[in-house]
Amino acid sequence: MKSRIFPARLAVLPLALGAAFPALAQSQSVPSLQETVVTASGIRQSVHDALPATTLITRADIDRAQTPDLLSLLSTVAGVQIAQTGGMGSSSSIFIRGANANHTLVLVDGVPINNVTLGTATLENFPLANVDHIEIVRGNVSAIYGSAALGGVIQIFTREATGKPQVSVSTQVGSYGLKQVDATGSVKTASGTSIAATAEALNYQGFPAINATQTPGALSDDDGYTRRSMGLSLRQDLGGDKSVGLRLRDASGTLQYDPEQSPDTRTFQSKYAETGAVIDGKFKLGQGLQLTAALTNTEDRYSDVADMAGYFNSVSNGGNVGLLWQFAPGQKITAGVETTQQSVQSDTQFTNNSRTESSVRLGYLGQFGEGYRQELQVNVRSDHYSDFGTANTGLIGYAYHLTDAWRVNATYSTGFNAPTFDQLYYPGYSNPNLLPEQLKSSELGLQYAVGAQQVRATLFHNDYTNLIALNSAFVPYNIGRARNDGVEFSYQGNFGDTRLHADLTLQDPKDLATDTQLTRRGRTLAHFGISHDIGAWTLGGEVRYSSSSPDTSYNLYTFATAPAALPAYTVVGLTASYKINPEWTAFGRVDNLFNSDYETVYGYNQPGRAVYVGLRWQPKF
C-alpha cells in the first residue's frame with residue numbers, strides 16, 4: 001500500500017459520510033451543550049472546533065465503562081492500540097496511529113510524565129479514581145508540546161472541587177482475585193478554598209503472564225499486582241479571576257512476573273512508585289489577558305527484587321510561564337517559556353545522568369470570515385537540550401465550514417522525539433551522538449457535527465526519519481525510516497437515552513528499510529460501543545477488533561531473535577448498572593465475553609473471560 005491511498009480514499013469520503021449520516025440532524029432536534037477541550041491547541045475550545053482529531057472521555061464515561069484500569073479505557077479510542085505483557089499492571093506500550101510507543105506524550109494536568117530512561121509513560125499504574133476527564137489528541141502536536149508528541153497526546157486531568165460538596169465511595173471484586181476500593185471527596189468553601197482528595201487500594205491475584213507453549217521451560221504462575229494511590233488538589237481563589245493551587249499525586253505498589261526460561265521456582269517481583277507535584281497560579285492581568293505559571297515535579301521509580309536487582313529513578317523538575325491574549329473576538333494568541341531539569345538516579349552508572357531542556361512557544365488560534373466559517377491554527381516551538389542541541393517544530397491548520405454542520409480541514413506539521421537517557425548514556429549499549437527522531441505529517445479531514453453528533457474522517461500521512469534503531473551489537477543509531485498512510489473514521493453521538501461510539505482505522509505502518517509492517521501494529525483497528533438507559537438500568541456493550549501484526553520472539557539468555565506473528569483478535573465486553581436509589585448504584589462488567597485467546601505481545605497471555613461486580617455510594621448534599 002503506497003501513498004496513492006490518499007486520492008483513492010479521499011474520493012469516497014464525502015459519499016460515505018453523506019450517505020450514512022444525513023439523518024443525524026433530523027434526529028437531533030435539541031442541540032446539546034458542546035463539550036470543550038484544551039489539548040488540541042493549548043486554548044480552550046469546543047471539541048467540534050478542534051482541528052487535530054480529539055476524543056474527550058468524561059467522568060461519566062469512566063463511570064459507565066466500570067473498568068478497573070486506565071489502559072482498558074484507552075483501548076476504546078480511535079487509532080489507539082495497546083500492547084501489554086500480561087494482565088493488570090504489566091508493562092505496556094501505546095501506539096497512536098501506528099507511531100512508536102515513545103511517540104505518545106502523556107500529560108497530567110499539563111505536566112509531561114514520560115520517564116527519561118525509556119521515553120514512555122507507565123499508564124498501567126495510573127489510578128482512574130483520581131481522573132476527572134481525559135483528552136486524547138491523535139496526530140502530531142510537537143509544535144505545542146515538544147518531544148514525544150509525534151503520534152499524539154494523552155492528557156489526564158485530575159479531580160478538583162466544583163460547586164457543591166461531593167463524596168463517592170466504590171468497591172468492586174471479580175475474576176483473577178481483583179479487589180478494589182476507592183474514595184473521593186471535594187468541597188469548596190465560602191472563602192474560596194477548594195479541596196479535593198482521592199484514595200485507592202487495589203489487589204489483583206492475576207494469571208500466568210508468559211505463554212508456556214511459546215516459551216518452553218519458563219516459570220509460569222499467577223502474576224499478582226498491587227496499587228495504593230492518593231491524590232490531593234488545593235486551590236485558593238484570590239478574587240478578580242486570580243487563584244493559586246497545589247496538586248499532589250502518588251501511586252505505588254508491586255508487580256509479580258515470571259522470568260523466561262528460569263529453573264528458579266521463586267516468585268519474582270518489581271516495585272514501582274510514581275509521584276507528581278504541581279504548584280500553579282492563574283492571574284487575569286486585564287481584559288482578554290491571562291497569565292499562568294507553574295513549578296512541577298514528576299518521579300517514576302522502579303526497582304527489581306531479584307538476583308539481578310536494580311533500580312531506576314526518573315526525575316523531572318520544571319517551571320513554566322504562559323500567556324493567553326484574546327486581542328479581538330475569535331482571535332487568540334498564546335506564548336510560553338518552559339525549562340526542565342531531567343535526571344536519572346540508578347545503581348547502573350550512566351555515562352551522563354542529567355540534562356536541561358528549555359523551550360519557547362508561540363501559537364495563534366483564530367476564527368474569521370462571515371459567520372466565523374474559517375478557522376486557522378498556527379503553532380511554532382523551539383526546544384533546546386543541553387546534550388544534543390536544538391529542535392524546531394511547526395504546525396499550520398486550516399478549516400472551512402461548508403455549512404453549519406459540514407467542515408473540511410487540513411493540517412501540516414513537523415515533530416521530533418529526543419533520545420532517551422538509555423539510548424544516549426546506558427553503559428555499553430548507547431550512542432551519545434544520537435540526533436532527535438524527525439517527523440513530517442499531513443492530514444486532510446471531513447467532519448459533520450450537529451448538537452451531540454460528531455462524525456469525522458481523516459486521511460493522514462506520517463513520514464518518519466532519523467528513527468533510532470539497534471545495530472547487531474544492540475547499539476542505537478539514527479538509521480530508521482518509517483511511514484504510515486491511513487484513514488480514520490470516528491463517530492460519537494446520543495439518541496435520547498442511547499449513546500453510541502464507533503471508529504475504524506485503516507493504516508499501513510511500514511518500516512521503509514525492510515518494506516515490512518511495523519511490529520505490534522495492526523493494519524485495521526475497529527471499535528463499537530453502545531450504552532442505553534432503561535429506567536434505573538444502564539446497559540452497555542463494546543466490540544474491539546485488531547487485525548494481525550508481526551512481532552519478534554526473544555531469548556533473553558542467548559539474545560537470539562526470530563520472527564513471530566500476532567493473529568487478529570476480537571474482544572467483546574458487556575456492562576450493566578442499576579441505580580438502587582439516588583445514593584447507591586450497583587454495577588457489573590464482563591470482559592472478553594467469549595473467552596478469546598489472544599496476545600498483544602508475542603509470548604504473553606491476555607486475560608480470558610472476567611467478571612467484575614461492585615457498589616458505589618454517592619450521597620446527595
# chains A, B, ... in the order shown; residues from 1 in each chain; ligands from 1

call {"tool": "residues_around", "arguments": {"residues": "Leu234 (chain A)", "least_positions_apart": "4", "cutoff": "10 Å", "atoms": "only C-alpha atoms", "output": "JSON, numbers by chain"}}
result
{"A": [160, 161, 186, 188, 193, 194, 195, 196, 197, 244, 245, 246, 247, 248, 279]}

call {"tool": "write_last_selection", "arguments": {"atoms": "N, CA and C atoms", "output": "PDB file, in the first residue's frame"}}
result
ATOM      1  N   GLU A 160     -10.795  18.045  40.857  1.00  0.00           N
ATOM      2  CA  GLU A 160     -10.745  19.205  41.736  1.00  0.00           C
ATOM      3  C   GLU A 160     -12.166  19.590  42.106  1.00  0.00           C
ATOM      4  N   ALA A 161     -12.311  20.375  43.150  1.00  0.00           N
ATOM      5  CA  ALA A 161     -13.630  20.709  43.681  1.00  0.00           C
ATOM      6  C   ALA A 161     -14.374  21.645  42.738  1.00  0.00           C
ATOM      7  N   SER A 186     -14.785  16.177  47.754  1.00  0.00           N
ATOM      8  CA  SER A 186     -14.382  17.543  47.441  1.00  0.00           C
ATOM      9  C   SER A 186     -15.339  18.527  48.100  1.00  0.00           C
ATOM     10  N   LYS A 188     -15.902  23.093  48.388  1.00  0.00           N
ATOM     11  CA  LYS A 188     -15.490  24.452  48.073  1.00  0.00           C
ATOM     12  C   LYS A 188     -16.128  25.370  49.093  1.00  0.00           C
ATOM     13  N   THR A 193     -11.745  28.594  49.125  1.00  0.00           N
ATOM     14  CA  THR A 193     -10.810  27.474  49.205  1.00  0.00           C
ATOM     15  C   THR A 193     -11.464  26.202  48.671  1.00  0.00           C
ATOM     16  N   SER A 194     -10.804  25.550  47.736  1.00  0.00           N
ATOM     17  CA  SER A 194     -11.305  24.297  47.158  1.00  0.00           C
ATOM     18  C   SER A 194     -10.372  23.159  47.542  1.00  0.00           C
ATOM     19  N   ILE A 195     -10.966  22.047  47.983  1.00  0.00           N
ATOM     20  CA  ILE A 195     -10.188  20.867  48.374  1.00  0.00           C
ATOM     21  C   ILE A 195     -10.820  19.640  47.730  1.00  0.00           C
ATOM     22  N   ALA A 196      -9.997  18.809  47.107  1.00  0.00           N
ATOM     23  CA  ALA A 196     -10.442  17.534  46.550  1.00  0.00           C
ATOM     24  C   ALA A 196      -9.393  16.477  46.874  1.00  0.00           C
ATOM     25  N   ALA A 197      -9.848  15.296  47.258  1.00  0.00           N
ATOM     26  CA  ALA A 197      -8.926  14.231  47.629  1.00  0.00           C
ATOM     27  C   ALA A 197      -9.451  12.887  47.137  1.00  0.00           C
ATOM     28  N   VAL A 244      -4.388  30.431  43.129  1.00  0.00           N
ATOM     29  CA  VAL A 244      -3.178  29.620  43.244  1.00  0.00           C
ATOM     30  C   VAL A 244      -3.591  28.229  43.693  1.00  0.00           C
ATOM     31  N   GLY A 245      -2.811  27.230  43.300  1.00  0.00           N
ATOM     32  CA  GLY A 245      -3.202  25.871  43.626  1.00  0.00           C
ATOM     33  C   GLY A 245      -2.021  24.943  43.824  1.00  0.00           C
ATOM     34  N   LEU A 246      -2.316  23.812  44.435  1.00  0.00           N
ATOM     35  CA  LEU A 246      -1.344  22.744  44.673  1.00  0.00           C
ATOM     36  C   LEU A 246      -2.004  21.422  44.323  1.00  0.00           C
ATOM     37  N   ARG A 247      -1.315  20.599  43.547  1.00  0.00           N
ATOM     38  CA  ARG A 247      -1.789  19.250  43.229  1.00  0.00           C
ATOM     39  C   ARG A 247      -0.697  18.249  43.583  1.00  0.00           C
ATOM     40  N   LEU A 248      -1.086  17.187  44.277  1.00  0.00           N
ATOM     41  CA  LEU A 248      -0.172  16.107  44.618  1.00  0.00           C
ATOM     42  C   LEU A 248      -0.783  14.782  44.192  1.00  0.00           C
ATOM     43  N   ILE A 279       2.666  23.231  41.681  1.00  0.00           N
ATOM     44  CA  ILE A 279       2.217  24.483  42.295  1.00  0.00           C
ATOM     45  C   ILE A 279       1.986  25.460  41.156  1.00  0.00           C
TER      46      ILE A 279
END

call {"tool": "select_by_dssp", "arguments": {"residues": "region 228-442 of chain A", "states": "alpha helix (DSSP H)", "output": "compact mmCIF listing (two decimals) with N, CA and C atoms, in the first residue's frame"}}
result
# COMPACT_ATOMS: atom_id res chain seq x y z
N PHE A 421 17.75 8.76 27.94
CA PHE A 421 19.00 8.52 28.67
C PHE A 421 19.53 7.11 28.38
N ASP A 422 18.64 6.12 28.25
CA ASP A 422 19.08 4.78 27.91
C ASP A 422 19.81 4.78 26.57
N GLN A 423 19.25 5.48 25.57
CA GLN A 423 19.83 5.49 24.23
C GLN A 423 21.13 6.28 24.17
N LEU A 424 21.23 7.31 24.99
CA LEU A 424 22.41 8.18 24.95
C LEU A 424 23.53 7.73 25.88
N TYR A 425 23.16 7.19 27.07
CA TYR A 425 24.16 7.09 28.13
C TYR A 425 24.20 5.74 28.85

call {"tool": "atom_distance", "arguments": {"atom1": "CA of Val137 (chain A)", "atom2": "CA of Leu51 (chain A)"}}
result
9.8 Å

call {"tool": "closest_residue", "arguments": {"among": "A:Tyr145, A:Tyr398, A:Tyr302, A:Phe621", "to": "Ala50 (chain A)", "atoms": "only C-alpha atoms"}}
result
A:Tyr398

call {"tool": "closest_residue", "arguments": {"among": "A:Asn130, A:Asn352, A:Gln367, A:Ser386", "to": "Lys332 (chain A)", "atoms": "only C-alpha atoms"}}
result
A:Gln367
